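**Q** First the structure, then my questions, so here it is.
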Amino acid sequence: MKKTKSKILIVGSGRLGASIAGKLSSQGHDVVIIDKDISSFRKLNDEFGGYDIVGDASDLFVLENDVMINEVNEVIITTDSDNVNLFIAHICFYIYDIPHIYVRLNDNDKGILLNNTTIKTIFPFTLSYEDYMKKRKENGSHENRNS
Amino acid sequence: MRIVIANGRHEADFMIKKFIQDNHKLIVINSDQKFGRYISNNNHVPVLFGDSTKAYTLDDAGIHDADVLIALSTDDIENYVTCITAKRIFNVKRCVSVVRNPKRVDLFKNLGIDSVICSTYLLGESIKYESLIESFTKTLTLENDKIVITEMMIEEDMAISGKLIKNIKFPPRVNISCIYRDPEVIIPNGDSLIQSGDKLIIVSTPHDQEMITKFFKTRTEDNE
């Protein structure tokens with residue numbers, strides 16, 4: 001395994017962040033998860049074998065000294081605030097030049113602010129919408145059922 | 001100028017009053033409905049109630065191509081998103097953000113916010129400069145600390161006192177912009193004489209400031 005730049009950082013230990021952390025950790029990745037609220041780490045399951053850090057991931061001092069951001073190769077940003085997610089994504093991209101960045105945004109409109117970057121967005125809205133449309137199609141036409 | 005003011009409380013109210021006096025065209029957005037109404041009644045300006053980090057709010061407010069946006073929320077990150085959205089999507093020429101956390105001043109600038117203001121930071125910087133230099137000099141910084149203006153009182157026993165400027169061996173990058181000899185203001189040239197009691201106004205970079213003050217403060221006896 002590579003020594004440097006192999007860490008995965010997960011920002012926000014909500015249901016999504018904690019689940020991703022557990023999964024990647026069980027696959028043998030070096031995972032660090034950060035949340036400003038210590039009680040959020042209860043959502044981490046037993047599979048998780050990485051570090052949990054209590055702190056503010058928008059603070060460069062925390063990123064540099066606690067997270068060791070210079071060793072991070074991939075970031076997944078999943079806090080419950082779109083604005084915070086966007087801000088941290090910009091920090092990771094413009095300041096620390098992290099190659100793989102994924103960010104969750106509840107407001108699709110904010111995705112425009114990530115244009116011209118390599119940051120990948122996850123839109124719960126789009127996923128739900130597409131899932132509904134797919135299921136509706138699988139279910140067959142509703143008119144037919146009623147007749 | 002078309003100026004957008006996003007959020008803020010009494011500081012927003014104060015600025016709005018001032019900008020109205022100066023005949024600027026104002027666009028006011030506030031996420032606090034009650035305070036928004038207060039600002040509106042107080043200054044007779046329309047206030048749009050909404051979240052300024054959302055593109056559709058800024059669109060409704062009609063901020064396209066505005067000259068300046070000032071983000072005054074107490075939430076730093078909200079201000080950041082407001083500014084970036086205004087700049088990238090609505091082509092606002094200049095964005096100013098207020099921040100609470102002094103550590104974010106440089107970060108916001110690096111991320112593309114034109115101007116970042118933090119009262120704690122300003123206070124810290126001025127205390128730093130005040131303590132760096134002895135009491136007879138006053139300093140003022142411009143352009144986000146890239147330029148400093150130092151005011152220096154000339155005393156009898158300073159090495160440069162009583163000399164013509166052209167006869168003084170200055171270190172590099174020193175610019176005496178002005179000599180104040182009560183009540184006269186002199187724009188100096190090589191033939192200007194520096195006398196005790198003069199106040200010199202010196203423009204430099206912050207980096208050179210210490211070296212310059214050291215040079216000026218050289219006493220006659222140090223030179224012999």
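Labels used: A, B, ... for chains in the order of the structure tokens, numbers from 1 for residues in each chain, and numbers from 1 for ligands as shown.
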Find the residues of chain A in contact range of chain B, meaning any atom within 10 Å when counting only C-alpha atoms, and list them as a PDB file with all heavy atoms, in the first residue's frame.
**A**
```
ATOM      1  N   SER A  58     -14.219  22.990   8.571  1.00  0.00           N
ATOM      2  CA  SER A  58     -13.998  24.196   7.769  1.00  0.00           C
ATOM      3  C   SER A  58     -12.852  25.014   8.354  1.00  0.00           C
ATOM      4  O   SER A  58     -12.533  26.086   7.879  1.00  0.00           O
ATOM      5  CB  SER A  58     -15.272  25.036   7.695  1.00  0.00           C
ATOM      6  OG  SER A  58     -15.504  25.684   8.926  1.00  0.00           O
ATOM      7  N   ASP A  59     -12.229  24.488   9.410  1.00  0.00           N
ATOM      8  CA  ASP A  59     -11.112  25.171  10.049  1.00  0.00           C
ATOM      9  C   ASP A  59      -9.797  24.583   9.521  1.00  0.00           C
ATOM     10  O   ASP A  59      -9.524  23.398   9.698  1.00  0.00           O
ATOM     11  CB  ASP A  59     -11.227  24.976  11.568  1.00  0.00           C
ATOM     12  CG  ASP A  59     -10.161  25.739  12.337  1.00  0.00           C
ATOM     13  OD1 ASP A  59      -9.063  25.992  11.782  1.00  0.00           O
ATOM     14  OD2 ASP A  59     -10.429  26.067  13.503  1.00  0.00           O
ATOM     15  N   LEU A  60      -9.008  25.413   8.852  1.00  0.00           N
ATOM     16  CA  LEU A  60      -7.780  24.912   8.222  1.00  0.00           C
ATOM     17  C   LEU A  60      -6.824  24.307   9.240  1.00  0.00           C
ATOM     18  O   LEU A  60      -6.107  23.361   8.943  1.00  0.00           O
ATOM     19  CB  LEU A  60      -7.059  26.039   7.477  1.00  0.00           C
ATOM     20  CG  LEU A  60      -7.817  26.756   6.363  1.00  0.00           C
ATOM     21  CD1 LEU A  60      -6.848  27.582   5.535  1.00  0.00           C
ATOM     22  CD2 LEU A  60      -8.587  25.800   5.486  1.00  0.00           C
ATOM     23  N   PHE A  61      -6.823  24.848  10.442  1.00  0.00           N
ATOM     24  CA  PHE A  61      -5.933  24.325  11.478  1.00  0.00           C
ATOM     25  C   PHE A  61      -6.301  22.880  11.810  1.00  0.00           C
ATOM     26  O   PHE A  61      -5.442  22.019  11.918  1.00  0.00           O
ATOM     27  CB  PHE A  61      -6.007  25.202  12.737  1.00  0.00           C
ATOM     28  CG  PHE A  61      -5.032  24.793  13.790  1.00  0.00           C
ATOM     29  CD1 PHE A  61      -3.723  25.263  13.746  1.00  0.00           C
ATOM     30  CD2 PHE A  61      -5.406  23.917  14.806  1.00  0.00           C
ATOM     31  CE1 PHE A  61      -2.804  24.868  14.712  1.00  0.00           C
ATOM     32  CE2 PHE A  61      -4.487  23.524  15.774  1.00  0.00           C
ATOM     33  CZ  PHE A  61      -3.183  24.006  15.724  1.00  0.00           C
ATOM     34  N   ASP A  82     -25.914  22.485   3.163  1.00  0.00           N
ATOM     35  CA  ASP A  82     -25.370  22.641   1.812  1.00  0.00           C
ATOM     36  C   ASP A  82     -24.261  23.687   1.765  1.00  0.00           C
ATOM     37  O   ASP A  82     -23.254  23.512   1.080  1.00  0.00           O
ATOM     38  CB  ASP A  82     -26.475  23.096   0.846  1.00  0.00           C
ATOM     39  CG  ASP A  82     -27.260  21.922   0.302  1.00  0.00           C
ATOM     40  OD1 ASP A  82     -26.949  20.780   0.679  1.00  0.00           O
ATOM     41  OD2 ASP A  82     -28.178  22.153  -0.510  1.00  0.00           O
ATOM     42  N   ASN A  83     -24.476  24.774   2.488  1.00  0.00           N
ATOM     43  CA  ASN A  83     -23.484  25.852   2.457  1.00  0.00           C
ATOM     44  C   ASN A  83     -22.149  25.391   3.015  1.00  0.00           C
ATOM     45  O   ASN A  83     -21.094  25.676   2.453  1.00  0.00           O
ATOM     46  CB  ASN A  83     -23.994  27.066   3.233  1.00  0.00           C
ATOM     47  CG  ASN A  83     -25.159  27.739   2.535  1.00  0.00           C
ATOM     48  OD1 ASN A  83     -25.356  27.544   1.346  1.00  0.00           O
ATOM     49  ND2 ASN A  83     -25.918  28.513   3.272  1.00  0.00           N
ATOM     50  N   VAL A  84     -22.208  24.654   4.135  1.00  0.00           N
ATOM     51  CA  VAL A  84     -20.981  24.133   4.736  1.00  0.00           C
ATOM     52  C   VAL A  84     -20.323  23.138   3.770  1.00  0.00           C
ATOM     53  O   VAL A  84     -19.110  23.173   3.548  1.00  0.00           O
ATOM     54  CB  VAL A  84     -21.280  23.464   6.103  1.00  0.00           C
ATOM     55  CG1 VAL A  84     -20.071  22.723   6.626  1.00  0.00           C
ATOM     56  CG2 VAL A  84     -21.748  24.513   7.112  1.00  0.00           C
ATOM     57  N   ASN A  85     -21.136  22.284   3.165  1.00  0.00           N
ATOM     58  CA  ASN A  85     -20.596  21.294   2.230  1.00  0.00           C
ATOM     59  C   ASN A  85     -19.865  21.961   1.058  1.00  0.00           C
ATOM     60  O   ASN A  85     -18.757  21.559   0.678  1.00  0.00           O
ATOM     61  CB  ASN A  85     -21.726  20.422   1.675  1.00  0.00           C
ATOM     62  CG  ASN A  85     -22.276  19.467   2.726  1.00  0.00           C
ATOM     63  OD1 ASN A  85     -21.725  19.363   3.822  1.00  0.00           O
ATOM     64  ND2 ASN A  85     -23.351  18.781   2.412  1.00  0.00           N
ATOM     65  N   LEU A  86     -20.506  22.984   0.537  1.00  0.00           N
ATOM     66  CA  LEU A  86     -19.939  23.714  -0.594  1.00  0.00           C
ATOM     67  C   LEU A  86     -18.619  24.385  -0.205  1.00  0.00           C
ATOM     68  O   LEU A  86     -17.617  24.318  -0.928  1.00  0.00           O
ATOM     69  CB  LEU A  86     -20.955  24.781  -0.999  1.00  0.00           C
ATOM     70  CG  LEU A  86     -20.798  25.426  -2.331  1.00  0.00           C
ATOM     71  CD1 LEU A  86     -21.127  24.412  -3.403  1.00  0.00           C
ATOM     72  CD2 LEU A  86     -21.752  26.605  -2.435  1.00  0.00           C
ATOM     73  N   PHE A  87     -18.632  25.004   0.938  1.00  0.00           N
ATOM     74  CA  PHE A  87     -17.449  25.722   1.427  1.00  0.00           C
ATOM     75  C   PHE A  87     -16.277  24.750   1.632  1.00  0.00           C
ATOM     76  O   PHE A  87     -15.162  25.000   1.163  1.00  0.00           O
ATOM     77  CB  PHE A  87     -17.807  26.421   2.745  1.00  0.00           C
ATOM     78  CG  PHE A  87     -16.693  27.242   3.338  1.00  0.00           C
ATOM     79  CD1 PHE A  87     -16.102  28.266   2.622  1.00  0.00           C
ATOM     80  CD2 PHE A  87     -16.259  26.999   4.638  1.00  0.00           C
ATOM     81  CE1 PHE A  87     -15.087  29.036   3.178  1.00  0.00           C
ATOM     82  CE2 PHE A  87     -15.247  27.768   5.196  1.00  0.00           C
ATOM     83  CZ  PHE A  87     -14.660  28.779   4.468  1.00  0.00           C
ATOM     84  N   ILE A  88     -16.559  23.617   2.272  1.00  0.00           N
ATOM     85  CA  ILE A  88     -15.492  22.641   2.515  1.00  0.00           C
ATOM     86  C   ILE A  88     -15.004  22.050   1.188  1.00  0.00           C
ATOM     87  O   ILE A  88     -13.804  21.844   0.992  1.00  0.00           O
ATOM     88  CB  ILE A  88     -15.960  21.546   3.502  1.00  0.00           C
ATOM     89  CG1 ILE A  88     -16.226  22.176   4.875  1.00  0.00           C
ATOM     90  CG2 ILE A  88     -14.897  20.447   3.639  1.00  0.00           C
ATOM     91  CD1 ILE A  88     -16.866  21.249   5.879  1.00  0.00           C
ATOM     92  N   HIS A  90     -14.927  23.578  -1.677  1.00  0.00           N
ATOM     93  CA  HIS A  90     -14.050  24.590  -2.274  1.00  0.00           C
ATOM     94  C   HIS A  90     -12.687  24.617  -1.601  1.00  0.00           C
ATOM     95  O   HIS A  90     -11.660  24.739  -2.276  1.00  0.00           O
ATOM     96  CB  HIS A  90     -14.707  25.976  -2.186  1.00  0.00           C
ATOM     97  CG  HIS A  90     -15.686  26.240  -3.286  1.00  0.00           C
ATOM     98  ND1 HIS A  90     -16.352  27.421  -3.419  1.00  0.00           N
ATOM     99  CD2 HIS A  90     -16.105  25.459  -4.311  1.00  0.00           C
ATOM    100  CE1 HIS A  90     -17.145  27.369  -4.485  1.00  0.00           C
ATOM    101  NE2 HIS A  90     -17.011  26.183  -5.039  1.00  0.00           N
ATOM    102  N   ILE A  91     -12.656  24.486  -0.286  1.00  0.00           N
ATOM    103  CA  ILE A  91     -11.376  24.461   0.429  1.00  0.00           C
ATOM    104  C   ILE A  91     -10.542  23.267  -0.047  1.00  0.00           C
ATOM    105  O   ILE A  91      -9.364  23.393  -0.376  1.00  0.00           O
ATOM    106  CB  ILE A  91     -11.582  24.371   1.962  1.00  0.00           C
ATOM    107  CG1 ILE A  91     -12.199  25.664   2.500  1.00  0.00           C
ATOM    108  CG2 ILE A  91     -10.254  24.089   2.681  1.00  0.00           C
ATOM    109  CD1 ILE A  91     -12.527  25.619   3.974  1.00  0.00           C
ATOM    110  N   PHE A  93     -10.714  21.620  -2.791  1.00  0.00           N
ATOM    111  CA  PHE A  93     -10.314  21.714  -4.196  1.00  0.00           C
ATOM    112  C   PHE A  93      -9.293  22.832  -4.434  1.00  0.00           C
ATOM    113  O   PHE A  93      -8.217  22.601  -4.981  1.00  0.00           O
ATOM    114  CB  PHE A  93     -11.550  21.939  -5.078  1.00  0.00           C
ATOM    115  CG  PHE A  93     -11.223  21.969  -6.542  1.00  0.00           C
ATOM    116  CD1 PHE A  93     -10.986  20.801  -7.244  1.00  0.00           C
ATOM    117  CD2 PHE A  93     -11.125  23.182  -7.219  1.00  0.00           C
ATOM    118  CE1 PHE A  93     -10.671  20.828  -8.596  1.00  0.00           C
ATOM    119  CE2 PHE A  93     -10.812  23.223  -8.564  1.00  0.00           C
ATOM    120  CZ  PHE A  93     -10.578  22.036  -9.258  1.00  0.00           C
ATOM    121  N   TYR A  94      -9.640  24.049  -3.995  1.00  0.00           N
ATOM    122  CA  TYR A  94      -8.811  25.207  -4.346  1.00  0.00           C
ATOM    123  C   TYR A  94      -7.582  25.353  -3.445  1.00  0.00           C
ATOM    124  O   TYR A  94      -6.542  25.823  -3.873  1.00  0.00           O
ATOM    125  CB  TYR A  94      -9.627  26.497  -4.293  1.00  0.00           C
ATOM    126  CG  TYR A  94     -10.693  26.582  -5.363  1.00  0.00           C
ATOM    127  CD1 TYR A  94     -12.040  26.512  -5.026  1.00  0.00           C
ATOM    128  CD2 TYR A  94     -10.343  26.725  -6.701  1.00  0.00           C
ATOM    129  CE1 TYR A  94     -13.019  26.588  -6.010  1.00  0.00           C
ATOM    130  CE2 TYR A  94     -11.317  26.797  -7.688  1.00  0.00           C
ATOM    131  CZ  TYR A  94     -12.645  26.734  -7.348  1.00  0.00           C
ATOM    132  OH  TYR A  94     -13.606  26.797  -8.316  1.00  0.00           O
ATOM    133  N   ILE A  95      -7.708  24.967  -2.173  1.00  0.00           N
ATOM    134  CA  ILE A  95      -6.582  25.182  -1.259  1.00  0.00           C
ATOM    135  C   ILE A  95      -5.689  23.936  -1.194  1.00  0.00           C
ATOM    136  O   ILE A  95      -4.473  24.038  -1.239  1.00  0.00           O
ATOM    137  CB  ILE A  95      -7.082  25.547   0.172  1.00  0.00           C
ATOM    138  CG1 ILE A  95      -8.090  26.703   0.131  1.00  0.00           C
ATOM    139  CG2 ILE A  95      -5.909  25.843   1.116  1.00  0.00           C
ATOM    140  CD1 ILE A  95      -7.537  28.075  -0.090  1.00  0.00           C
ATOM    141  N   ASP A 107     -29.729  21.034  -2.482  1.00  0.00           N
ATOM    142  CA  ASP A 107     -30.241  22.014  -3.433  1.00  0.00           C
ATOM    143  C   ASP A 107     -29.473  21.875  -4.747  1.00  0.00           C
ATOM    144  O   ASP A 107     -28.305  22.220  -4.839  1.00  0.00           O
ATOM    145  CB  ASP A 107     -30.053  23.417  -2.836  1.00  0.00           C
ATOM    146  CG  ASP A 107     -30.538  24.513  -3.763  1.00  0.00           C
ATOM    147  OD1 ASP A 107     -31.003  24.185  -4.883  1.00  0.00           O
ATOM    148  OD2 ASP A 107     -30.452  25.688  -3.378  1.00  0.00           O
ATOM    149  N   ASP A 109     -29.570  23.535  -7.369  1.00  0.00           N
ATOM    150  CA  ASP A 109     -29.116  24.820  -7.933  1.00  0.00           C
ATOM    151  C   ASP A 109     -27.680  25.138  -7.531  1.00  0.00           C
ATOM    152  O   ASP A 109     -26.941  25.794  -8.259  1.00  0.00           O
ATOM    153  CB  ASP A 109     -30.003  25.969  -7.437  1.00  0.00           C
ATOM    154  CG  ASP A 109     -31.398  25.877  -8.037  1.00  0.00           C
ATOM    155  OD1 ASP A 109     -31.588  25.041  -8.940  1.00  0.00           O
ATOM    156  OD2 ASP A 109     -32.280  26.642  -7.587  1.00  0.00           O
ATOM    157  N   LYS A 110     -27.282  24.678  -6.344  1.00  0.00           N
ATOM    158  CA  LYS A 110     -25.942  25.019  -5.863  1.00  0.00           C
ATOM    159  C   LYS A 110     -24.853  24.279  -6.624  1.00  0.00           C
ATOM    160  O   LYS A 110     -23.676  24.614  -6.514  1.00  0.00           O
ATOM    161  CB  LYS A 110     -25.831  24.755  -4.364  1.00  0.00           C
ATOM    162  CG  LYS A 110     -26.680  25.769  -3.578  1.00  0.00           C
ATOM    163  CD  LYS A 110     -26.225  25.958  -2.155  1.00  0.00           C
ATOM    164  CE  LYS A 110     -26.865  27.211  -1.589  1.00  0.00           C
ATOM    165  NZ  LYS A 110     -27.874  26.954  -0.568  1.00  0.00           N
ATOM    166  N   ILE A 112     -24.136  24.479  -9.604  1.00  0.00           N
ATOM    167  CA  ILE A 112     -23.470  25.389 -10.559  1.00  0.00           C
ATOM    168  C   ILE A 112     -22.168  25.923  -9.980  1.00  0.00           C
ATOM    169  O   ILE A 112     -21.215  26.190 -10.702  1.00  0.00           O
ATOM    170  CB  ILE A 112     -24.386  26.604 -10.885  1.00  0.00           C
ATOM    171  CG1 ILE A 112     -25.771  26.122 -11.310  1.00  0.00           C
ATOM    172  CG2 ILE A 112     -23.778  27.482 -11.961  1.00  0.00           C
ATOM    173  CD1 ILE A 112     -26.788  27.256 -11.389  1.00  0.00           C
ATOM    174  N   LEU A 113     -22.146  26.071  -8.670  1.00  0.00           N
ATOM    175  CA  LEU A 113     -20.957  26.644  -8.030  1.00  0.00           C
ATOM    176  C   LEU A 113     -19.771  25.691  -8.049  1.00  0.00           C
ATOM    177  O   LEU A 113     -18.675  26.039  -7.614  1.00  0.00           O
ATOM    178  CB  LEU A 113     -21.281  27.068  -6.591  1.00  0.00           C
ATOM    179  CG  LEU A 113     -22.367  28.142  -6.489  1.00  0.00           C
ATOM    180  CD1 LEU A 113     -22.775  28.364  -5.062  1.00  0.00           C
ATOM    181  CD2 LEU A 113     -21.874  29.455  -7.098  1.00  0.00           C
ATOM    182  N   ASN A 115     -19.083  24.061 -10.966  1.00  0.00           N
ATOM    183  CA  ASN A 115     -18.659  23.972 -12.370  1.00  0.00           C
ATOM    184  C   ASN A 115     -17.170  24.317 -12.483  1.00  0.00           C
ATOM    185  O   ASN A 115     -16.652  25.060 -11.656  1.00  0.00           O
ATOM    186  CB  ASN A 115     -19.457  24.956 -13.232  1.00  0.00           C
ATOM    187  CG  ASN A 115     -20.872  24.459 -13.471  1.00  0.00           C
ATOM    188  OD1 ASN A 115     -21.218  23.351 -13.044  1.00  0.00           O
ATOM    189  ND2 ASN A 115     -21.673  25.276 -14.132  1.00  0.00           N
TER     190      ASN A 115
END
```
**Q** For B:Asn189, list every protein, DNA or RNA residue within 12 Å, evaluated using only C-alpha atoms, and leave out those in the same chain fewer than 5 positions away; present the list as a PDB file with C-alpha atoms, in the first residue's frame.
**A**
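The resulting around-v3.pdb:
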```
ATOM      1  CA  LEU B 164      18.969  67.525   2.525  1.00  0.00           C
ATOM      2  CA  ILE B 165      17.131  64.508   1.154  1.00  0.00           C
ATOM      3  CA  LYS B 166      19.653  64.074  -1.668  1.00  0.00           C
ATOM      4  CA  ASN B 167      22.471  63.816   0.883  1.00  0.00           C
ATOM      5  CA  ASN B 175       9.412  56.843  -0.255  1.00  0.00           C
ATOM      6  CA  ILE B 176       8.886  60.019   1.729  1.00  0.00           C
ATOM      7  CA  SER B 177       5.565  61.091   0.297  1.00  0.00           C
ATOM      8  CA  CYS B 178       5.071  64.192   2.308  1.00  0.00           C
ATOM      9  CA  ILE B 179       6.663  66.406   4.940  1.00  0.00           C
ATOM     10  CA  ILE B 194      14.532  67.568   6.928  1.00  0.00           C
TER      11      ILE B 194
END
```
**Q** Check stretch 10-223 of chain B with DSSP on the backbone and list each residue it calls alpha helix (DSSP H), as a VMD selection string.
**A** chain B and resid 10 to 21 33 to 43 55 to 61 76 to 88 104 to 110 119 to 132 206 to 216 220 to 223
**Q** How many Å lie between atom CA of B:Thr57 and atom CA of B:Ile70, rounded to one decimal?
**A**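 Atom CA of B:Ile70 lies at a distance of 15.3 Å from atom CA of B:Thr57.
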**Q** Name the residues in contact with A:Gly17 at a cut-off of 9 Å, using only C-alpha atoms, excluding same-chain residues fewer than 5 positions from it; report them as a VMD selection string.
**A** chain A and resid 10 to 12 22 33 44 76 to 79
**Q** Based on DSSP run over this structure's backbone, return all residues of stretch 8-195 of chain B in strand (DSSP E), as a short mmCIF file (atom, residue, chain, number, x, y, z; two decimals) with N, CA and C atoms, in the first residue's frame.
**A**
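So the final result, stored in part.cif, reads:
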```cif
data_model
loop_
_atom_site.label_atom_id
_atom_site.label_comp_id
_atom_site.auth_asym_id
_atom_site.auth_seq_id
_atom_site.Cartn_x
_atom_site.Cartn_y
_atom_site.Cartn_z
N LYS B 25 -28.10 53.15 -5.70
CA LYS B 25 -29.30 52.34 -5.86
C LYS B 25 -29.13 51.08 -5.01
N LEU B 26 -30.06 50.83 -4.12
CA LEU B 26 -29.89 49.74 -3.17
C LEU B 26 -30.81 48.56 -3.45
N ILE B 27 -30.24 47.36 -3.23
CA ILE B 27 -31.05 46.14 -3.23
C ILE B 27 -30.80 45.50 -1.87
N VAL B 28 -31.86 45.34 -1.10
CA VAL B 28 -31.68 44.83 0.26
C VAL B 28 -32.36 43.48 0.40
N ILE B 29 -31.59 42.50 0.92
CA ILE B 29 -32.12 41.15 1.15
C ILE B 29 -31.89 40.82 2.61
N ASN B 30 -32.90 40.28 3.28
CA ASN B 30 -32.69 39.89 4.67
C ASN B 30 -33.45 38.60 4.96
N VAL B 47 -37.38 45.67 1.01
CA VAL B 47 -36.47 44.63 1.50
C VAL B 47 -37.05 43.29 1.07
N LEU B 48 -36.23 42.51 0.38
CA LEU B 48 -36.69 41.19 -0.03
C LEU B 48 -36.38 40.20 1.09
N PHE B 49 -37.41 39.48 1.51
CA PHE B 49 -37.22 38.49 2.56
C PHE B 49 -36.82 37.17 1.91
N VAL B 68 -21.58 46.22 -6.36
CA VAL B 68 -21.02 45.70 -5.10
C VAL B 68 -22.08 44.87 -4.38
N LEU B 69 -21.62 43.79 -3.74
CA LEU B 69 -22.50 43.08 -2.81
C LEU B 69 -21.78 43.03 -1.46
N ILE B 70 -22.54 43.33 -0.42
CA ILE B 70 -21.97 43.28 0.92
C ILE B 70 -22.75 42.24 1.72
N ALA B 71 -22.03 41.20 2.18
CA ALA B 71 -22.69 40.12 2.92
C ALA B 71 -22.42 40.30 4.41
N ARG B 94 -18.00 43.29 -7.43
CA ARG B 94 -17.15 43.24 -6.24
C ARG B 94 -17.95 42.72 -5.06
N CYS B 95 -17.38 41.74 -4.35
CA CYS B 95 -18.09 41.18 -3.21
C CYS B 95 -17.30 41.41 -1.93
N VAL B 96 -18.02 41.86 -0.94
CA VAL B 96 -17.40 42.13 0.36
C VAL B 96 -18.08 41.23 1.38
N SER B 97 -17.28 40.50 2.15
CA SER B 97 -17.87 39.64 3.16
C SER B 97 -17.36 40.03 4.54
N VAL B 98 -18.29 40.03 5.48
CA VAL B 98 -17.89 40.21 6.87
C VAL B 98 -17.69 38.82 7.45
N SER B 115 -13.07 41.24 -0.90
CA SER B 115 -12.73 41.99 0.30
C SER B 115 -13.34 41.30 1.50
N VAL B 116 -12.54 41.11 2.54
CA VAL B 116 -13.03 40.40 3.72
C VAL B 116 -12.77 41.26 4.95
N ILE B 117 -13.80 41.47 5.73
CA ILE B 117 -13.66 42.36 6.88
C ILE B 117 -13.98 41.60 8.15
N THR B 137 5.50 57.06 16.30
CA THR B 137 5.07 56.79 14.94
C THR B 137 3.65 56.24 14.94
N LYS B 138 2.92 56.63 13.94
CA LYS B 138 1.56 56.11 13.77
C LYS B 138 1.52 55.43 12.43
N THR B 139 0.74 54.38 12.32
CA THR B 139 0.67 53.73 11.01
C THR B 139 -0.76 53.49 10.59
N LEU B 140 -0.91 53.38 9.30
CA LEU B 140 -2.21 53.13 8.71
C LEU B 140 -1.98 52.14 7.59
N THR B 141 -2.84 51.16 7.45
CA THR B 141 -2.64 50.21 6.35
C THR B 141 -3.75 50.35 5.32
N LEU B 142 -3.37 50.08 4.07
CA LEU B 142 -4.31 50.18 2.96
C LEU B 142 -4.31 48.89 2.16
N ILE B 147 -0.12 47.85 1.77
CA ILE B 147 0.59 49.13 1.81
C ILE B 147 0.49 49.67 3.23
N VAL B 148 1.58 50.18 3.76
CA VAL B 148 1.46 50.86 5.05
C VAL B 148 1.94 52.29 4.93
N ILE B 149 1.26 53.14 5.65
CA ILE B 149 1.66 54.54 5.70
C ILE B 149 2.15 54.78 7.11
N THR B 150 3.40 55.22 7.24
CA THR B 150 3.97 55.44 8.56
C THR B 150 4.17 56.94 8.76
N GLU B 151 3.77 57.38 9.91
CA GLU B 151 3.96 58.79 10.22
C GLU B 151 5.11 58.86 11.23
N MET B 152 6.10 59.71 10.96
CA MET B 152 7.24 59.73 11.86
C MET B 152 7.65 61.14 12.24
N MET B 153 7.82 61.34 13.52
CA MET B 153 8.21 62.64 14.06
C MET B 153 9.74 62.71 14.04
N LYS B 163 19.42 67.45 7.37
CA LYS B 163 20.09 67.09 6.11
C LYS B 163 19.15 67.29 4.93
N LEU B 164 19.76 67.51 3.74
CA LEU B 164 18.97 67.52 2.52
C LEU B 164 18.68 66.08 2.12
N ASN B 175 10.06 55.75 0.45
CA ASN B 175 9.41 56.84 -0.25
C ASN B 175 8.82 57.81 0.77
N ILE B 176 9.46 58.99 0.88
CA ILE B 176 8.89 60.02 1.73
C ILE B 176 7.87 60.76 0.88
N SER B 177 6.61 60.53 1.16
CA SER B 177 5.57 61.09 0.30
C SER B 177 5.30 62.54 0.63
N CYS B 178 5.54 62.90 1.86
CA CYS B 178 5.07 64.19 2.31
C CYS B 178 5.81 64.59 3.59
N ILE B 179 6.11 65.89 3.69
CA ILE B 179 6.66 66.41 4.94
C ILE B 179 5.66 67.40 5.49
N TYR B 180 5.27 67.21 6.72
CA TYR B 180 4.34 68.15 7.33
C TYR B 180 5.11 69.00 8.33
N ARG B 181 5.21 70.32 7.99
CA ARG B 181 5.90 71.23 8.89
C ARG B 181 4.88 72.32 9.21
N GLU B 184 2.69 74.06 7.12
CA GLU B 184 2.96 73.79 5.70
C GLU B 184 2.95 72.30 5.37
N VAL B 185 2.52 71.97 4.16
CA VAL B 185 2.63 70.60 3.66
C VAL B 185 3.59 70.62 2.48
N ILE B 186 4.69 69.88 2.59
CA ILE B 186 5.71 69.92 1.55
C ILE B 186 5.76 68.58 0.82
N LEU B 193 14.86 69.97 2.85
CA LEU B 193 15.62 69.81 4.09
C LEU B 193 14.74 69.15 5.14
N ILE B 194 15.30 68.19 5.84
CA ILE B 194 14.53 67.57 6.93
C ILE B 194 14.96 68.21 8.24
#
```
